[in-house]
file upload-v2.cif (mmCIF, C-alpha atoms)
data_protein
loop_
_atom_site.label_atom_id
_atom_site.label_comp_id
_atom_site.auth_asym_id
_atom_site.auth_seq_id
_atom_site.Cartn_x
_atom_site.Cartn_y
_atom_site.Cartn_z
CA MET A 365 0.00 0.00 0.00
CA THR A 366 1.47 3.34 -1.07
CA LEU A 367 1.78 6.37 1.23
CA LYS A 368 -0.63 8.32 -0.92
CA HIS A 369 -3.21 5.55 -0.71
CA SER A 370 -2.81 5.34 3.09
CA ILE A 371 -3.32 9.09 3.44
CA SER A 372 -6.41 8.89 1.25
CA ARG A 373 -7.91 6.10 3.41
CA PHE A 374 -7.14 8.08 6.57
CA PHE A 375 -9.01 11.14 5.38
CA TYR A 376 -11.86 8.99 4.06
CA HIS A 377 -12.42 7.58 7.55
CA LEU A 378 -12.02 11.07 9.02
CA LYS A 379 -14.72 12.27 6.66
CA SER A 380 -17.07 9.49 7.76
CA ARG A 381 -16.57 10.32 11.44
CA LEU A 382 -17.04 14.05 10.93
CA LEU A 383 -20.21 13.46 8.94
CA THR A 384 -21.56 11.27 11.74
CA THR A 385 -20.72 13.55 14.64
CA HIS A 386 -20.51 17.13 13.43
CA SER A 387 -22.40 17.56 10.18
CA GLY A 388 -25.06 19.52 12.00
CA LEU A 389 -22.62 22.36 12.59
CA VAL A 390 -21.14 22.78 9.08
CA LYS A 391 -22.12 22.15 5.48
CA THR A 392 -21.54 18.54 4.48
CA SER A 393 -20.61 19.56 0.94
CA SER A 394 -17.16 20.52 2.26
CA PHE A 395 -16.34 16.84 2.69
CA ILE A 396 -17.04 15.63 -0.85
CA GLN A 397 -14.23 13.74 -2.50
CA PHE A 398 -11.62 13.82 0.28
CA PRO A 399 -9.14 11.66 -1.69
CA ASP A 400 -9.40 14.06 -4.61
CA LEU A 401 -8.72 17.01 -2.32
CA ILE A 402 -5.58 15.28 -1.08
CA MET A 403 -4.54 14.41 -4.60
CA ASN A 404 -5.00 18.02 -5.67
CA GLY A 405 -3.14 19.41 -2.66
CA LYS A 406 -6.22 20.98 -1.04
CA VAL A 407 -5.32 19.90 2.47
CA GLY A 408 -5.79 23.47 3.70
CA LEU A 409 -9.51 23.29 2.94
CA ILE A 410 -9.82 20.15 5.05
CA VAL A 411 -7.98 21.74 7.97
CA LEU A 412 -10.18 24.83 7.68
CA THR A 413 -13.31 22.70 7.75
CA VAL A 414 -12.17 20.84 10.87
CA LEU A 415 -11.33 24.10 12.60
CA THR A 416 -14.80 25.41 11.68
CA ILE A 417 -16.38 22.38 13.35
CA ILE A 418 -14.34 22.83 16.52
CA HIS A 419 -15.06 26.55 16.61
CA GLY A 420 -18.79 25.90 16.15
CA ALA A 421 -18.84 23.39 19.00
CA GLU A 422 -17.05 25.80 21.33
CA ASN A 423 -19.49 28.63 20.64
CA THR A 424 -22.72 26.63 20.73
CA GLU A 425 -24.62 26.52 24.02
CA VAL A 426 -27.30 24.06 25.17
CA ILE A 427 -30.11 26.05 26.81
CA GLY A 428 -32.68 24.47 29.11
CA SER A 429 -35.23 26.30 31.27
CA LEU A 430 -34.45 28.87 33.95
CA GLU A 431 -37.89 28.41 35.53
CA PRO A 432 -39.29 25.08 36.83
CA ILE A 433 -41.81 23.40 34.56
CA GLU A 434 -45.08 22.42 36.28
CA ALA A 435 -47.25 19.49 35.22
CA VAL A 436 -50.32 17.64 36.48
CA ILE A 437 -50.44 13.86 36.77
CA GLY A 438 -51.87 12.30 33.61
CA ASP A 439 -51.20 15.32 31.37
CA ASP A 440 -48.52 15.82 28.70
CA VAL A 441 -45.67 18.28 29.21
CA ILE A 442 -42.87 19.75 27.08
CA LEU A 443 -39.40 20.08 28.58
CA PRO A 444 -37.78 22.93 26.61
CA CYS A 445 -34.19 22.76 25.36
CA HIS A 446 -32.42 24.21 22.33
CA LEU A 447 -29.04 25.14 20.88
CA GLU A 448 -27.90 28.75 20.79
CA PRO A 449 -27.10 29.87 18.17
CA PRO A 450 -29.53 27.55 16.33
CA SER A 451 -27.78 24.64 14.61
CA ASP A 452 -28.93 21.52 12.80
CA VAL A 453 -28.77 18.56 15.23
CA THR A 454 -30.31 15.86 13.06
CA ASN A 455 -26.90 14.18 12.65
CA LEU A 456 -25.82 14.60 16.28
CA VAL A 457 -26.47 12.57 19.41
CA VAL A 458 -29.11 13.87 21.82
CA GLU A 459 -29.51 12.40 25.29
CA TRP A 460 -32.14 13.24 27.90
CA LYS A 461 -31.60 12.02 31.47
CA LEU A 462 -33.40 12.14 34.81
CA ASN A 463 -30.62 11.81 37.38
CA LYS A 464 -28.64 8.87 35.93
CA SER A 465 -31.52 7.24 34.04
CA PHE A 466 -31.89 7.62 30.28
CA VAL A 467 -35.21 9.25 29.47
CA HIS A 468 -34.69 9.51 25.69
CA VAL A 469 -31.75 8.81 23.38
CA TYR A 470 -31.43 9.92 19.75
CA ARG A 471 -28.58 8.51 17.64
CA HIS A 472 -27.88 7.93 13.94
CA ARG A 473 -30.93 10.01 12.97
CA GLU A 474 -33.34 7.83 14.95
CA ASP A 475 -34.46 7.09 18.52
CA SER A 476 -32.59 4.43 20.52
CA PRO A 477 -35.15 2.81 22.85
CA ASP A 478 -32.70 0.11 23.97
CA LEU A 479 -31.00 2.55 26.36
CA GLN A 480 -34.23 4.08 27.63
CA ASP A 481 -35.39 3.48 31.19
CA LYS A 482 -38.53 1.30 31.19
CA ARG A 483 -40.45 3.96 33.15
CA PHE A 484 -40.40 6.22 30.09
CA GLU A 485 -41.15 3.58 27.45
CA ASN A 486 -43.53 4.90 24.75
CA ARG A 487 -43.91 8.21 26.63
CA THR A 488 -41.19 10.41 25.10
CA SER A 489 -40.56 12.03 21.73
CA LEU A 490 -38.51 14.78 20.07
CA PHE A 491 -39.78 17.36 17.60
CA ARG A 492 -38.04 16.00 14.48
CA GLU A 493 -39.14 18.83 12.19
CA GLU A 494 -37.65 21.37 14.61
CA MET A 495 -34.28 19.67 15.07
CA THR A 496 -32.86 21.42 12.00
CA LYS A 497 -33.33 24.66 13.96
CA GLY A 498 -31.56 23.38 17.07
CA ASN A 499 -34.74 22.49 18.96
CA ILE A 500 -34.16 19.38 21.11
CA SER A 501 -37.14 19.84 23.45
CA LEU A 502 -38.67 16.67 24.85
CA LYS A 503 -42.37 15.83 24.99
CA LEU A 504 -43.24 13.68 28.01
CA SER A 505 -46.69 12.07 27.88
CA SER A 506 -48.95 10.79 30.68
CA VAL A 507 -46.94 12.43 33.44
CA GLN A 508 -46.46 10.38 36.61
CA ARG A 509 -45.54 11.50 40.13
CA SER A 510 -42.21 9.67 39.80
CA ASP A 511 -41.33 11.88 36.78
CA GLU A 512 -40.62 14.81 39.09
CA GLY A 513 -36.98 15.90 39.29
CA ARG A 514 -34.09 17.52 37.40
CA TYR A 515 -33.67 16.64 33.72
CA THR A 516 -30.60 17.25 31.55
CA CYS A 517 -30.47 17.53 27.76
CA PHE A 518 -27.02 16.59 26.54
CA VAL A 519 -25.25 16.72 23.15
CA PRO A 520 -21.94 14.80 23.50
CA GLN A 521 -20.38 16.40 20.40
CA LEU A 522 -20.65 19.84 22.03
CA ARG A 523 -17.87 19.08 24.51
CA GLY A 524 -20.08 18.07 27.41
CA LYS A 525 -22.42 21.04 27.29
CA ARG A 526 -25.91 20.39 28.62
CA GLY A 527 -29.13 22.16 29.54
CA VAL A 528 -31.13 21.68 32.75
CA VAL A 529 -34.90 21.51 33.24
CA ASP A 530 -36.61 21.06 36.63
CA LEU A 531 -40.03 19.36 36.54
CA THR A 532 -42.55 19.55 39.39
CA VAL A 533 -45.63 17.30 39.38
CA ALA A 534 -48.96 17.94 41.15
CA LEU A 535 -51.88 15.56 41.70
CA LYS A 536 -54.80 15.97 39.35
CA VAL A 537 -57.69 18.16 40.54
CA THR A 538 -61.14 16.83 39.58
CA GLU A 539 -64.35 18.88 39.54
CA GLY A 540 -66.16 18.82 42.90
CA ASN A 541 -63.38 16.91 44.56
CA LYS A 542 -60.17 18.80 45.31
CA MET A 543 -57.55 16.21 46.04
CA GLN A 544 -54.29 16.51 47.89
CA GLU A 545 -51.86 18.73 45.99
CA ARG A 546 -48.09 18.66 46.43
CA GLY A 547 -48.34 17.21 49.94
CA GLU A 548 -50.82 19.78 51.29
CA SER A 549 -54.11 18.23 52.43
CA LYS A 550 -57.26 19.97 51.27
CA GLU A 551 -60.76 19.08 52.54
CA PRO A 552 -63.18 18.20 49.70
CA ASP A 553 -66.04 20.63 49.08
CA GLY A 554 -68.67 17.95 49.81
CA GLU A 555 -67.30 17.36 53.28
CA LYS A 556 -67.21 21.10 53.95
CA MET A 557 -70.88 21.43 53.00
CA TYR A 558 -71.84 18.46 55.15
CA ALA A 559 -69.92 19.88 58.13
CA GLY A 560 -71.68 23.22 57.62
CA LYS A 561 -75.11 21.59 57.69
CA ILE A 562 -74.30 19.67 60.86
CA ALA A 563 -73.08 22.86 62.54
CA GLY A 564 -76.29 24.65 61.56
CA ILE A 565 -78.44 21.86 63.00
CA VAL A 566 -76.48 21.85 66.27
CA VAL A 567 -76.85 25.63 66.63
CA THR A 568 -80.61 25.40 65.99
CA VAL A 569 -81.06 22.66 68.60
CA VAL A 570 -79.07 24.64 71.17
CA VAL A 571 -81.18 27.74 70.56
CA LEU A 572 -84.39 25.73 70.96
CA LEU A 573 -83.19 24.14 74.19
CA VAL A 574 -82.24 27.53 75.60
CA GLY A 575 -85.68 28.86 74.65
CA VAL A 576 -87.42 25.93 76.34
CA VAL A 577 -85.38 26.36 79.52
CA VAL A 578 -86.10 30.10 79.67
CA TRP A 579 -89.83 29.49 79.13
CA ALA A 580 -89.90 26.83 81.87
CA VAL A 581 -88.15 29.09 84.35
CA LYS A 582 -90.51 31.98 83.65
CA ARG A 583 -93.56 29.71 83.96
CA ARG A 584 -92.34 28.38 87.28
CA GLN A 585 -91.77 31.89 88.58
CA SER A 586 -95.29 32.90 87.48
CA THR A 587 -96.82 29.87 89.23
CA GLN A 588 -94.97 30.62 92.43
CA GLN A 589 -96.10 34.25 92.35
CA ALA A 590 -99.71 33.14 91.75
CA ALA A 591 -99.51 30.72 94.66
CA ARG A 592 -98.22 33.41 96.97
CA SER A 593 -101.03 35.76 95.93
CA GLY A 594 -103.67 33.05 96.61
CA VAL A 595 -102.36 32.40 100.12
CA ALA A 596 -102.42 36.11 100.89
CA VAL A 597 -106.08 36.35 99.78
CA ASP A 598 -107.08 33.39 101.95
CA LEU A 599 -105.41 34.86 105.03
CA HIS A 600 -107.22 38.16 104.46
CA GLU A 601 -110.58 36.40 104.20
CA MET A 602 -109.91 34.46 107.40
CA ASP A 603 -109.03 37.65 109.24
CA LYS A 604 -112.25 39.23 107.99
CA LEU A 605 -114.39 36.33 109.12
CA THR A 606 -112.71 36.26 112.48
CA SER A 607 -113.45 39.97 112.96
CA GLN A 608 -117.12 39.50 112.07
CA THR A 609 -117.47 36.57 114.48
CA THR A 610 -115.98 38.60 117.26
CA GLU A 611 -118.34 41.58 116.72
CA THR A 612 -121.64 39.51 116.64
CA PRO A 613 -121.99 38.54 120.39
CA ALA A 614 -121.41 42.07 121.49
CA ALA A 615 -124.65 43.16 119.84
#
call {"tool": "encode", "arguments": {"input": "upload-v2.cif", "output": "structure tokens"}}
result
Amino acid sequence: MTLKHSISRFFYHLKSRLLTTHSGLVKTSSFIQFPDLIMNGKVGLIVLTVLTIIHGAENTEVIGSLEPIEAVIGDDVILPCHLEPPSDVTNLVVEWKLNKSFVHVYRHREDSPDLQDKRFENRTSLFREEMTKGNISLKLSSVQRSDEGRYTCFVPQLRGKRGVVDLTVALKVTEGNKMQERGESKEPDGEKMYAGKIAGIVVTVVVLLVGVVVWAVKRRQSTQQAARSGVAVDLHEMDKLTSQTTETPAA
């Protein structure tokens, strides 16, 4: 094998690797016919292209969300993440993780479910039509309480740069029945209404009892006063009769 042929094979493999890992950051047309470029002495163009790739990776940032994303159990939610400045990521690797678990993996222009944690099976997707614009946001369907936590969107070719998204999950609130939300107990409306009715009945009964007691006391007092008045009348009549009896013999 000649030296020229060895150099040509080396740059052919280099071209294949660059197309696989970095074509989203530069135009792929720069890599056409590597052996011919070597044969024609256009090594400078190759070096310039590689430097462009490295420069693009250094200046590209992966942006997540500065504010926590809130979701309700059972709903779908979008975890935002994108490249800045916008770059085509269709030929790059995109990894989403929750702690150390793989939530979604995109490689070789397709999803890689083999690495995905079983908890997220058939519940995640990327926006393929937006990936040419650097959008690597993740759609998470049928949110579960265990989905809560800190997510990272990671593009390995961008020298370890990653975005962060915090997800908080609340229990679902159904009409007429407010359930416990984020660990804070809330009394259902039905129970509140029932408790209000019971309180009203108790107050009514107490008022009636007080009224009955007051009426009984007043009646007793009236009876006693009447009894005292009757005794006084009888004593007066007796005194009158005694006086008359005493006066009769004297006549």
call {"tool": "atom_distance", "arguments": {"input": "upload-v2.cif", "atom1": "CA of Ile437 (chain A)", "atom2": "CA of His468 (chain A)"}}
result
19.7 Å
call {"tool": "atom_distance", "arguments": {"input": "upload-v2.cif", "atom1": "CA of Ile562 (chain A)", "atom2": "CA of Val574 (chain A)"}}
result
18.5 Å
call {"tool": "closest_residue", "arguments": {"input": "upload-v2.cif", "among": "A:Phe484, A:Phe466, A:Tyr558, A:Trp460", "to": "Ile500 (chain A)", "atoms": "only C-alpha atoms"}}
result
A:Trp460
call {"tool": "atom_distance", "arguments": {"input": "upload-v2.cif", "atom1": "CA of Asn486 (chain A)", "atom2": "CA of Lys536 (chain A)"}}
result
21.5 Å
call {"tool": "resolve_selection", "arguments": {"input": "upload-v2.cif", "expression": "the PyMOL selection byres ((chain A and resi 491) around 8)", "output": "list in words"}}
result
Ser489, Leu490, Arg492, Glu493, Glu494, Met495, Asn499, Ile500, Ser501, Leu502 and Lys503 of chain A
call {"tool": "closest_residue", "arguments": {"input": "upload-v2.cif", "among": "A:Asp511, A:Glu459, A:Asp481, A:Asp452", "to": "Thr496 (chain A)", "atoms": "only C-alpha atoms"}}
result
A:Asp452
call {"tool": "residues_near_point", "arguments": {"input": "upload-v2.cif", "point": "(-46.8, 14.8, 29.7)", "cutoff": "6 Å", "atoms": "all atoms listed in the file", "output": "tab-separated table (two decimals) with C-alpha atoms, in the frame of the given file"}}
result
chain	number	residue	atom	x	y	z
A	439	ASP	CA	-51.20	15.32	31.37
A	440	ASP	CA	-48.52	15.82	28.70
A	441	VAL	CA	-45.67	18.28	29.21
A	504	LEU	CA	-43.24	13.68	28.01
A	505	SER	CA	-46.69	12.07	27.88
A	506	SER	CA	-48.95	10.79	30.68
A	507	VAL	CA	-46.94	12.43	33.44
call {"tool": "resolve_selection", "arguments": {"input": "upload-v2.cif", "expression": "the PyMOL selection byres ((chain A and resi 458) around 6)", "output": "short mmCIF file (atom, residue, chain, number, x, y, z; two decimals) with C-alpha atoms, keeping the file's coordinate frame"}}
result
data_model
loop_
_atom_site.label_atom_id
_atom_site.label_comp_id
_atom_site.auth_asym_id
_atom_site.auth_seq_id
_atom_site.Cartn_x
_atom_site.Cartn_y
_atom_site.Cartn_z
CA VAL A 457 -26.47 12.57 19.41
CA GLU A 459 -29.51 12.40 25.29
CA VAL A 469 -31.75 8.81 23.38
CA TYR A 470 -31.43 9.92 19.75
CA PHE A 518 -27.02 16.59 26.54
CA VAL A 519 -25.25 16.72 23.15
#
